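Colleague: What follows is coords.cif, made up of mmCIF, C-alpha atoms and all ligand atoms:
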```cif
data_entry
#
loop_
_atom_site.label_atom_id
_atom_site.label_comp_id
_atom_site.auth_asym_id
_atom_site.auth_seq_id
_atom_site.Cartn_x
_atom_site.Cartn_y
_atom_site.Cartn_z
CA MET A 1 78.51 100.77 12.39
CA THR A 2 77.08 103.62 10.29
CA SER A 3 77.96 107.32 10.56
CA ASP A 4 74.35 107.96 11.67
CA LEU A 5 74.82 105.74 14.70
CA ILE A 6 78.12 107.43 15.56
CA ALA A 7 76.39 110.83 15.22
CA ARG A 8 73.54 109.62 17.47
CA ALA A 9 76.02 108.42 20.12
CA LEU A 10 77.95 111.74 19.97
CA HIS A 11 74.66 113.68 20.17
CA VAL A 12 73.63 111.81 23.33
CA ILE A 13 77.12 111.97 24.95
CA ALA A 14 77.30 115.75 24.37
CA ILE A 15 73.79 116.19 25.79
CA VAL A 16 74.59 114.07 28.87
CA HIS A 17 77.62 116.30 29.57
CA TRP A 18 75.78 119.56 28.93
CA ILE A 19 72.47 118.78 30.74
CA GLY A 20 74.32 116.89 33.49
CA GLY A 21 76.29 120.07 34.16
CA ILE A 22 73.08 122.08 34.45
CA VAL A 23 71.70 119.50 36.91
CA PHE A 24 74.87 119.75 39.02
CA VAL A 25 74.99 123.56 39.06
CA THR A 26 71.24 123.89 39.77
CA LEU A 27 70.77 121.16 42.35
CA VAL A 28 74.19 121.06 44.06
CA VAL A 29 76.35 124.16 43.53
CA LEU A 30 73.69 126.88 43.83
CA PRO A 31 71.99 125.44 46.96
CA LEU A 32 75.45 125.00 48.54
CA ALA A 33 76.47 128.56 47.62
CA ARG A 34 73.18 129.95 48.98
CA SER A 35 73.68 128.11 52.28
CA LEU A 36 77.05 129.80 52.91
CA PRO A 37 76.90 132.64 55.46
CA ASP A 38 79.58 134.65 53.61
CA THR A 39 78.01 136.04 50.40
CA THR A 40 81.42 136.87 48.86
CA ALA A 41 82.48 133.22 49.25
CA ALA A 42 79.08 132.11 47.88
CA LEU A 43 79.45 134.25 44.73
CA HIS A 44 83.05 133.12 44.33
CA LEU A 45 82.00 129.46 44.45
CA PHE A 46 79.12 129.87 41.99
CA GLU A 47 81.04 132.06 39.54
CA GLY A 48 84.13 129.80 39.66
CA VAL A 49 82.11 126.66 38.86
CA GLU A 50 79.97 128.42 36.25
CA ARG A 51 83.00 129.93 34.46
CA ARG A 52 84.66 126.52 34.12
CA PHE A 53 81.44 124.81 33.09
CA VAL A 54 80.51 127.45 30.48
CA ARG A 55 83.80 126.78 28.63
CA GLN A 56 83.03 123.04 28.51
CA ALA A 57 79.34 123.55 27.72
CA ARG A 58 80.33 125.58 24.62
CA VAL A 59 82.10 122.48 23.28
CA SER A 60 79.26 120.07 24.11
CA THR A 61 76.67 122.43 22.58
CA LEU A 62 78.68 122.55 19.36
CA VAL A 63 79.07 118.74 19.27
CA ALA A 64 75.35 118.17 20.04
CA GLY A 65 74.31 120.65 17.32
CA ALA A 66 76.72 119.30 14.69
CA ALA A 67 75.71 115.66 15.36
CA GLY A 68 72.00 116.63 15.39
CA LEU A 69 72.31 118.46 12.06
CA TRP A 70 74.25 115.51 10.63
CA MET A 71 71.37 113.17 11.54
CA ALA A 72 68.76 115.62 10.21
CA TRP A 73 70.68 115.79 6.91
CA SER A 74 71.28 112.05 6.78
CA TYR A 75 67.62 111.13 7.47
CA ASP A 76 66.46 113.97 5.21
CA LEU A 77 64.37 115.49 8.02
CA TRP A 78 64.30 119.13 6.78
CA MET A 79 60.57 118.98 5.90
CA ALA A 80 59.84 117.52 9.34
CA PHE A 81 60.76 120.90 10.87
CA HIS A 82 57.55 122.25 9.20
CA ASP A 83 55.41 119.33 10.37
CA PRO A 84 53.59 119.88 13.71
CA ALA A 85 53.82 116.11 14.38
CA TYR A 86 57.59 116.57 14.71
CA TRP A 87 57.27 119.35 17.32
CA TRP A 88 59.89 117.56 19.44
CA LEU A 89 62.47 118.03 16.66
CA THR A 90 61.72 121.78 16.48
CA LEU A 91 61.85 121.95 20.30
CA MET A 92 65.36 120.38 20.28
CA PHE A 93 66.51 122.93 17.73
CA MET A 94 64.97 125.88 19.65
CA VAL A 95 66.57 124.77 22.94
CA TRP A 96 69.92 124.38 21.20
CA LEU A 97 69.54 127.86 19.64
CA LEU A 98 68.66 129.40 23.02
CA PHE A 99 71.78 127.91 24.65
CA THR A 100 74.00 128.81 21.70
CA LEU A 101 72.88 132.45 22.02
CA LEU A 102 73.30 132.39 25.82
CA LEU A 103 76.79 130.81 25.75
CA PHE A 104 78.30 132.46 22.67
CA VAL A 105 76.54 135.84 22.45
CA PHE A 106 74.69 137.03 25.58
CA GLU A 107 77.16 135.73 28.18
CA PRO A 108 80.32 137.32 26.70
CA LEU A 109 78.47 140.47 25.53
CA PHE A 110 76.53 141.54 28.60
CA LEU A 111 75.24 138.74 30.87
CA HIS A 112 78.49 138.41 32.79
CA VAL A 113 78.83 142.17 33.43
CA TRP A 114 75.12 142.47 34.32
CA PHE A 115 75.44 139.57 36.82
CA ASP A 116 78.54 141.10 38.48
CA ARG A 117 76.90 144.52 38.87
CA ARG A 118 73.67 143.06 40.26
CA ALA A 119 75.63 140.76 42.62
CA GLN A 120 77.51 143.75 44.05
CA ARG A 121 74.22 145.52 44.79
CA ASP A 122 72.26 142.50 46.05
CA PRO A 123 74.30 139.24 46.39
CA THR A 124 71.57 137.20 48.09
CA GLY A 125 68.84 138.22 45.63
CA THR A 126 71.16 137.63 42.67
CA LEU A 127 71.99 134.08 43.78
CA ARG A 128 68.27 133.40 44.30
CA LEU A 129 67.52 134.73 40.80
CA ALA A 130 70.36 132.61 39.35
CA GLN A 131 68.86 129.51 40.97
CA HIS A 132 65.36 130.26 39.63
CA LEU A 133 66.69 130.87 36.11
CA HIS A 134 68.80 127.68 36.20
CA PHE A 135 65.81 125.73 37.48
CA GLY A 136 63.68 126.97 34.58
CA LEU A 137 66.37 125.98 32.06
CA LEU A 138 66.74 122.58 33.78
CA ILE A 139 63.01 121.80 33.47
CA LEU A 140 63.04 122.89 29.81
CA THR A 141 66.08 120.78 28.92
CA LEU A 142 64.89 117.66 30.80
CA PHE A 143 61.51 117.92 29.09
CA THR A 144 63.34 118.21 25.74
CA VAL A 145 65.47 115.11 26.47
CA GLY A 146 62.31 113.11 27.30
CA ALA A 147 60.52 114.39 24.18
CA GLY A 148 63.64 113.65 22.06
CA VAL A 149 63.85 110.02 23.18
CA LEU A 150 60.09 109.41 22.82
CA GLY A 151 59.97 111.21 19.46
CA ALA A 152 63.03 109.42 18.03
CA HIS A 153 61.58 106.01 18.99
CA GLY A 154 58.04 106.54 17.70
CA GLY A 155 56.48 107.25 21.09
CA LEU A 156 54.93 110.63 20.18
C1 LIG B 201 70.69 121.73 16.42
C2 LIG B 201 69.96 121.15 17.36
C3 LIG B 201 69.49 119.73 17.27
C4 LIG B 201 69.20 118.97 16.17
C5 LIG B 201 69.29 119.37 14.70
C6 LIG B 201 68.80 117.67 16.64
C7 LIG B 201 68.44 116.61 15.82
C8 LIG B 201 68.16 115.33 16.26
C9 LIG B 201 67.83 114.23 15.39
C10 LIG B 201 67.74 114.31 13.87
C11 LIG B 201 67.61 113.14 16.16
C12 LIG B 201 67.21 111.74 15.69
C13 LIG B 201 65.72 111.72 15.47
C14 LIG B 201 65.23 110.38 14.93
O1 LIG B 201 65.85 109.34 15.19
O2 LIG B 201 64.18 110.38 14.28
C15 LIG B 201 67.82 113.56 17.55
C16 LIG B 201 67.70 112.74 18.64
C17 LIG B 201 67.74 113.16 19.95
N1 LIG B 201 68.03 114.44 20.37
FE1 LIG B 201 68.44 116.05 19.20
N2 LIG B 201 68.83 117.65 18.00
C18 LIG B 201 69.24 118.89 18.43
C19 LIG B 201 69.38 119.30 19.75
C20 LIG B 201 69.02 118.54 20.84
C21 LIG B 201 68.93 119.03 22.20
C22 LIG B 201 69.20 120.46 22.62
C23 LIG B 201 68.55 117.98 22.98
C24 LIG B 201 68.32 117.91 24.47
C25 LIG B 201 68.16 118.93 25.26
C26 LIG B 201 68.41 116.84 22.12
C27 LIG B 201 68.08 115.57 22.56
C28 LIG B 201 67.94 114.47 21.74
C29 LIG B 201 67.64 113.13 22.24
C30 LIG B 201 67.50 112.72 23.70
C31 LIG B 201 67.51 112.32 21.11
C32 LIG B 201 67.13 110.83 21.08
C33 LIG B 201 68.37 109.95 20.98
C34 LIG B 201 67.91 108.50 20.89
O3 LIG B 201 67.21 108.06 21.81
O4 LIG B 201 68.25 107.84 19.93
N3 LIG B 201 68.70 117.21 20.83
N4 LIG B 201 68.15 114.89 17.57
#
```
Could you write out this file's structure as structure tokens?
Modeller:
Amino acid sequence: MTSDLIARALHVIAIVHWIGGIVFVTLVVLPLARSLPDTTAALHLFEGVERRFVRQARVSTLVAGAAGLWMAWSYDLWMAFHDPAYWWLTLMFMVWLLFTLLLFVFEPLFLHVWFDRRAQRDPTGTLRLAQHLHFGLLILTLFTVGAGVLGAHGGL
């Protein structure tokens, strides 16, 4: 077994964990939280799950990025990032960059505080907004997974 194959397996495992978590939060936790009559309990549920998942997602994002860069280096794909035919490769990198900024920069710097303040003012509206934002990220990441598989196997 080559190091490229190990990197590919790690890349996919990390992405399954990370995107699977987004699926669970978006399609299970947020609808459940929004159905609760007590908004304090609803926010507590969502924030508790999200806080635990964010810690894990930081690890899977790092593993996915490191394994992806390893493959890009190993297959000598740097020029492909300038080639429009490899748009799916650039998309993977952009999605990874977006999440890296969200998880490592925006969330600790201001997103968490902003969410808390807004939730105190308008808990119902804030949970609705959180669900819409998560749904948008879910569509983007699922599209990227599909494009990644098709692109990597010559389907695009
Ligand atoms: C730093 C960021 C990333 C880099 C450098 C990267 C790089 C790569 C490379 C080089 C491949 C193999 C392409 C080939 O075989 O020709 C690959 C495959 C793949 N990547 Fe990424 N990737 C990154 C992030 C992501 C993200 C964020 C996702 C999903 C949201 C993703 C999903 C996939 C999938 C599904 C495959 C196909 C695996 C397979 O079927 O063999 N990647 N990636």
Colleague: Go through A:Val23, A:Leu43, A:Ala67, A:Glu50 and flag the residue nearest Leu5 in chain A, using all atoms listed in the file for the distances.
Modeller: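 Closest to Leu5 in chain A of all the choices is A:Ala67.
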Colleague: Just to confirm, what's the straight-line distance from CA of Ala152 in chain A to CA of Ser60 in chain A in Å (one decimal)?
Modeller: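 We find that CA of Ala152 in chain A and CA of Ser60 in chain A lie 20.3 Å from each other.
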Colleague: Could you jot down the atom C14 of ligand LIG 201 (chain B) to CA of Thr61 in chain A separation for me, Å, one decimal place?
Modeller: 18.3 Å
Colleague: Compute the set of protein, DNA and RNA residues whose minimum atom distance to ligand LIG 201 (chain B) is at most 9 Å, using all atoms listed in the file, and state it as a PyMOL selection string.
Modeller: chain A and resi 5+8-9+11-12+15-16+18-19+61-62+64-77+88-99+140-154
Colleague: To one decimal place in Å, what is the distance between CA of Phe24 in chain A and CA of Thr126 in chain A?
Modeller: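 Straight-line distance from CA of Phe24 in chain A to CA of Thr126 in chain A works out to 18.6 Å.
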Colleague: Got a sec: who's within 9 Å of Val54 in chain A, counting only C-alpha atoms, leaving out chain neighbours fewer than 5 positions off, as a PyMOL selection string?
Modeller: chain A and resi 49+59+103
Colleague: Take the point (83.8, 137.8, 44.8) as written in the file and pick out every residue within 12 Å of it, counting only C-alpha atoms; give the list as an MDAnalysis selection string.
Modeller: chainID A and resid 38:48 115:117 119:120 123
Colleague: Under the rule that all atoms listed in the file are counted, which of A:Leu138, A:Ile13, A:Leu36, A:Val63 is the nearest residue to Thr124 in chain A?
Modeller: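 Closest to Thr124 in chain A, using all atoms listed in the file: A:Leu36.
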Colleague: Around all of range 103-117 of chain A's listed atoms, make the axis-aligned box with 6 Å on each side and tell me centre and edge lengths in Å to one decimal, as AutoDock Vina command-line options.
Modeller:
```
--center_x 77.5 --center_y 137.7 --center_z 30.7 --size_x 17.6 --size_y 25.7 --size_z 28.4
```
Colleague: Which is closest to Leu133 in chain A among A:His82, A:Leu10, A:Val25, A:Gly20, if we use all atoms listed in the file?
Modeller: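 Counting all atoms listed in the file, the residue closest to Leu133 in chain A is A:Val25.
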